[in-house]
Each structure stands twice: as structure tokens, then as C-alpha cells.
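The data block below is target-v1.tsv; it holds TSV, C-alpha atoms.
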chain	number	residue	atom	x	y	z
A	1	MET	CA	19.79	7.64	-4.99
A	2	ILE	CA	22.22	6.99	-2.15
A	3	ARG	CA	24.87	9.04	-3.96
A	4	HIS	CA	22.49	11.96	-4.19
A	5	PHE	CA	21.65	11.61	-0.50
A	6	ALA	CA	25.32	11.28	0.46
A	7	SER	CA	26.22	14.43	-1.50
A	8	TYR	CA	24.52	16.48	1.21
A	9	TYR	CA	27.01	15.09	3.71
A	10	ARG	CA	30.14	15.37	1.60
A	11	PRO	CA	31.97	18.05	3.64
A	12	PRO	CA	31.23	16.52	7.06
A	13	TRP	CA	31.81	12.88	5.99
A	14	PRO	CA	32.40	11.62	9.58
A	15	LEU	CA	29.04	13.12	10.51
A	16	PHE	CA	27.38	11.08	7.78
A	17	LEU	CA	29.01	7.87	9.00
A	18	LEU	CA	28.01	8.56	12.59
A	19	ASP	CA	24.46	9.36	11.55
A	20	MET	CA	24.07	6.18	9.49
A	21	SER	CA	25.71	3.95	12.10
A	22	MET	CA	23.40	5.29	14.81
A	23	ALA	CA	20.38	4.66	12.57
A	24	VAL	CA	21.48	1.07	11.97
A	25	LEU	CA	22.15	0.59	15.69
A	26	ARG	CA	18.70	1.91	16.59
A	27	ALA	CA	17.04	-0.36	14.03
A	28	ALA	CA	18.92	-3.43	15.27
A	29	ALA	CA	18.00	-2.70	18.89
A	30	ALA	CA	14.38	-2.10	17.93
A	31	VAL	CA	14.28	-5.56	16.32
A	32	ALA	CA	16.16	-7.32	19.13
A	33	ILE	CA	13.91	-6.17	21.99
A	34	PRO	CA	10.75	-7.97	20.75
A	35	VAL	CA	12.83	-11.08	20.10
A	36	LEU	CA	14.00	-11.04	23.71
A	37	VAL	CA	10.45	-10.46	24.96
A	38	ARG	CA	9.28	-13.47	22.96
A	39	LEU	CA	12.09	-15.53	24.45
A	40	LEU	CA	11.07	-14.39	27.92
A	41	LEU	CA	7.40	-15.20	27.37
A	42	THR	CA	7.86	-18.56	25.65
A	43	ASP	CA	10.89	-20.06	27.39
A	44	TYR	CA	11.41	-18.53	30.81
A	45	LEU	CA	7.99	-17.74	32.28
A	46	PRO	CA	6.02	-20.88	31.31
A	47	THR	CA	8.69	-23.24	32.64
A	48	GLY	CA	8.83	-21.49	36.01
A	49	HIS	CA	12.41	-20.28	35.71
A	50	LEU	CA	12.76	-17.28	37.93
A	51	GLU	CA	16.22	-16.49	36.59
A	52	VAL	CA	15.06	-13.98	34.04
A	53	TYR	CA	18.07	-11.73	34.48
A	54	GLY	CA	19.63	-13.36	31.43
A	55	VAL	CA	16.89	-11.81	29.30
A	56	THR	CA	15.89	-8.66	31.16
A	57	ALA	CA	19.42	-7.32	31.53
A	58	PRO	CA	20.05	-7.40	27.74
A	59	MET	CA	16.64	-5.78	27.16
A	60	LEU	CA	17.55	-2.93	29.47
A	61	ALA	CA	20.95	-2.63	27.82
A	62	LEU	CA	19.32	-2.49	24.37
A	63	ALA	CA	16.88	0.15	25.60
A	64	ALA	CA	19.83	2.19	26.87
A	65	VAL	CA	21.57	1.76	23.50
A	66	MET	CA	18.44	2.94	21.70
A	67	CYS	CA	18.19	6.00	23.96
A	68	GLY	CA	21.87	6.82	23.47
A	69	ALA	CA	21.63	6.45	19.70
A	70	ALA	CA	18.49	8.57	19.61
A	71	PHE	CA	20.25	11.26	21.64
A	72	ILE	CA	23.18	11.27	19.24
A	73	ASN	CA	20.87	11.41	16.21
A	74	THR	CA	18.65	14.17	17.51
A	75	LYS	CA	20.81	16.35	19.72
A	76	LEU	CA	24.46	15.97	18.75
A	77	LEU	CA	23.92	15.74	15.00
A	78	ASP	CA	21.57	18.72	14.90
A	79	MET	CA	24.38	21.19	14.36
A	80	PRO	CA	23.99	24.33	12.24
A	81	TRP	CA	27.14	23.48	10.29
A	82	ALA	CA	25.67	20.09	9.35
A	83	VAL	CA	22.87	21.62	7.26
A	84	ARG	CA	23.71	22.98	3.85
A	85	GLU	CA	21.17	25.43	2.50
A	86	ASN	CA	20.54	25.70	-1.24
A	87	HIS	CA	22.66	22.66	-2.07
A	88	ARG	CA	22.44	21.45	-5.64
A	89	PRO	CA	24.61	18.45	-6.45
Take the structure in this file and express it as C-alpha cells.
Amino acid sequence: MIRHFASYYRPPWPLFLLDMSMAVLRAAAAVAIPVLVRLLLTDYLPTGHLEVYGVTAPMLALAAVMCGAAFINTKLLDMPWAVRENHRP
């Protein structure tokens, strides 16, 4: 199944790698943000630590990574030469 999917990207192989790496990066960031929120709510706030920059700064960085990866996936990879019409592998 992956071979069939990858056959659509055979000519622009670097485009395929960029697309898949951005999808993995977005998924990892989407999983990491709730983990950091849980850490913030269970460890930092109940104990009265006001030094939450150790958690909020990575959350903001992960949000920026997600936005950048989404931009690359939706805007930069939406090129007319990336789509192959009537492709039959």
C-alpha cells in the first residue's frame, strides 16, 4: 500500500520526503503539547511554582513548529507540478 502511495511521488522524491517528514513533525508536536499541559497542571501549578517558563516556552515553540509544518504542507507543497493527473502505476 505504501509503495502504491509512494508511486505518485516518484518523480519529485524530495517532495515526498519533505511531505512525510512534516506530517511526522506535526503529529509529534500535537502529541507533545498535551503532555506538557499535563505536566504544567500536575507538577507546576499545584505546588505553587511560579517558574512555569520551563513548560510554557516549549509549548509555544511546539505550536510554532506545528504552524510552520502546516504552512509547508499546505502552501509550499501545493505546487501544480506536484500533482500527476491520470497516473496509473
The residue from A:Leu41, A:Val35, A:Ala69, A:Ala57 with the smallest atom-to-atom distance to Leu18 in chain A, counting all atoms listed in the file, is A:Ala69
10 Å contact set for range 28-30 of chain A, all atoms listed in the file, chain neighbours under 3 positions out, as a VMD selection string: chain A and resid 22 to 25 33 to 35 59 61 to 66 69
Could you tell me how far CA of Ala6 in chain A lies from CA of Asn73 in chain A, in Å and to one decimal?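 Between CA of Ala6 in chain A and CA of Asn73 in chain A the gap works out to 16.4 Å.
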Listed atoms of range 61-74 of chain A boxed along x, y and z, 4 Å each side, centre and edge lengths in Å, one decimal, as lines of an AutoDock Vina configuration file:
center_x = 20.0
center_y = 5.8
center_z = 22.0
size_x = 14.3
size_y = 24.8
size_z = 19.6
d(CA of Arg3 in chain A, CA of Ser21 in chain A) in Å: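 Computed distance, CA of Arg3 in chain A to CA of Ser21 in chain A, equals 16.9 Å.
For Leu40 in chain A, the set of protein, DNA and RNA residues having any atom at most 10 Å away, when counting only C-alpha atoms and skipping those fewer than 5 positions along the same chain, is Pro34, Val35, Leu45, Pro46, His49, Val52, Tyr53, Gly54, Val55 and Thr56 of chain A.
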Dump as a PDB file, in the coordinates of the input, selection limited to C-alpha atoms:
ATOM      1  CA  PRO A  34      10.750  -7.970  20.750  1.00  0.00           C
ATOM      2  CA  VAL A  35      12.830 -11.080  20.100  1.00  0.00           C
ATOM      3  CA  LEU A  45       7.990 -17.740  32.280  1.00  0.00           C
ATOM      4  CA  PRO A  46       6.020 -20.880  31.310  1.00  0.00           C
ATOM      5  CA  HIS A  49      12.410 -20.280  35.710  1.00  0.00           C
ATOM      6  CA  VAL A  52      15.060 -13.980  34.040  1.00  0.00           C
ATOM      7  CA  TYR A  53      18.070 -11.730  34.480  1.00  0.00           C
ATOM      8  CA  GLY A  54      19.630 -13.360  31.430  1.00  0.00           C
ATOM      9  CA  VAL A  55      16.890 -11.810  29.300  1.00  0.00           C
ATOM     10  CA  THR A  56      15.890  -8.660  31.160  1.00  0.00           C
TER      11      THR A  56
END
As a check of understanding: the span from CA of Pro58 in chain A to CA of Leu36 in chain A is 8.1 Å
Rebuild range 10-23 of chain A so that it carries N, CA and C atoms, then output the result as a PDB file, in the frame of the given file.
ATOM      1  N   ARG A  10      28.774  15.478   2.083  1.00  0.00           N
ATOM      2  CA  ARG A  10      30.140  15.370   1.600  1.00  0.00           C
ATOM      3  C   ARG A  10      31.161  16.133   2.446  1.00  0.00           C
ATOM      4  N   PRO A  11      30.954  17.391   2.796  1.00  0.00           N
ATOM      5  CA  PRO A  11      31.970  18.050   3.640  1.00  0.00           C
ATOM      6  C   PRO A  11      32.128  17.415   5.021  1.00  0.00           C
ATOM      7  N   PRO A  12      31.046  17.182   5.754  1.00  0.00           N
ATOM      8  CA  PRO A  12      31.230  16.520   7.060  1.00  0.00           C
ATOM      9  C   PRO A  12      31.029  15.001   6.940  1.00  0.00           C
ATOM     10  N   TRP A  13      31.927  14.318   6.232  1.00  0.00           N
ATOM     11  CA  TRP A  13      31.810  12.880   5.990  1.00  0.00           C
ATOM     12  C   TRP A  13      31.744  12.069   7.297  1.00  0.00           C
ATOM     13  N   PRO A  14      32.536  12.367   8.325  1.00  0.00           N
ATOM     14  CA  PRO A  14      32.400  11.620   9.580  1.00  0.00           C
ATOM     15  C   PRO A  14      31.015  11.769  10.202  1.00  0.00           C
ATOM     16  N   LEU A  15      30.394  12.908  10.017  1.00  0.00           N
ATOM     17  CA  LEU A  15      29.040  13.120  10.510  1.00  0.00           C
ATOM     18  C   LEU A  15      28.058  12.177   9.822  1.00  0.00           C
ATOM     19  N   PHE A  16      28.227  12.005   8.529  1.00  0.00           N
ATOM     20  CA  PHE A  16      27.380  11.080   7.780  1.00  0.00           C
ATOM     21  C   PHE A  16      27.544   9.654   8.280  1.00  0.00           C
ATOM     22  N   LEU A  17      28.781   9.226   8.504  1.00  0.00           N
ATOM     23  CA  LEU A  17      29.010   7.870   9.000  1.00  0.00           C
ATOM     24  C   LEU A  17      28.434   7.669  10.394  1.00  0.00           C
ATOM     25  N   LEU A  18      28.585   8.656  11.249  1.00  0.00           N
ATOM     26  CA  LEU A  18      28.010   8.560  12.590  1.00  0.00           C
ATOM     27  C   LEU A  18      26.491   8.513  12.536  1.00  0.00           C
ATOM     28  N   ASP A  19      25.907   9.319  11.687  1.00  0.00           N
ATOM     29  CA  ASP A  19      24.460   9.360  11.550  1.00  0.00           C
ATOM     30  C   ASP A  19      23.922   8.013  11.058  1.00  0.00           C
ATOM     31  N   MET A  20      24.533   7.459  10.034  1.00  0.00           N
ATOM     32  CA  MET A  20      24.070   6.180   9.490  1.00  0.00           C
ATOM     33  C   MET A  20      24.317   5.024  10.459  1.00  0.00           C
ATOM     34  N   SER A  21      25.439   5.047  11.156  1.00  0.00           N
ATOM     35  CA  SER A  21      25.710   3.950  12.100  1.00  0.00           C
ATOM     36  C   SER A  21      24.743   4.002  13.283  1.00  0.00           C
ATOM     37  N   MET A  22      24.372   5.183  13.730  1.00  0.00           N
ATOM     38  CA  MET A  22      23.400   5.290  14.810  1.00  0.00           C
ATOM     39  C   MET A  22      22.011   4.844  14.345  1.00  0.00           C
ATOM     40  N   ALA A  23      21.666   5.114  13.098  1.00  0.00           N
ATOM     41  CA  ALA A  23      20.380   4.660  12.570  1.00  0.00           C
ATOM     42  C   ALA A  23      20.335   3.141  12.481  1.00  0.00           C
TER      43      ALA A  23
END
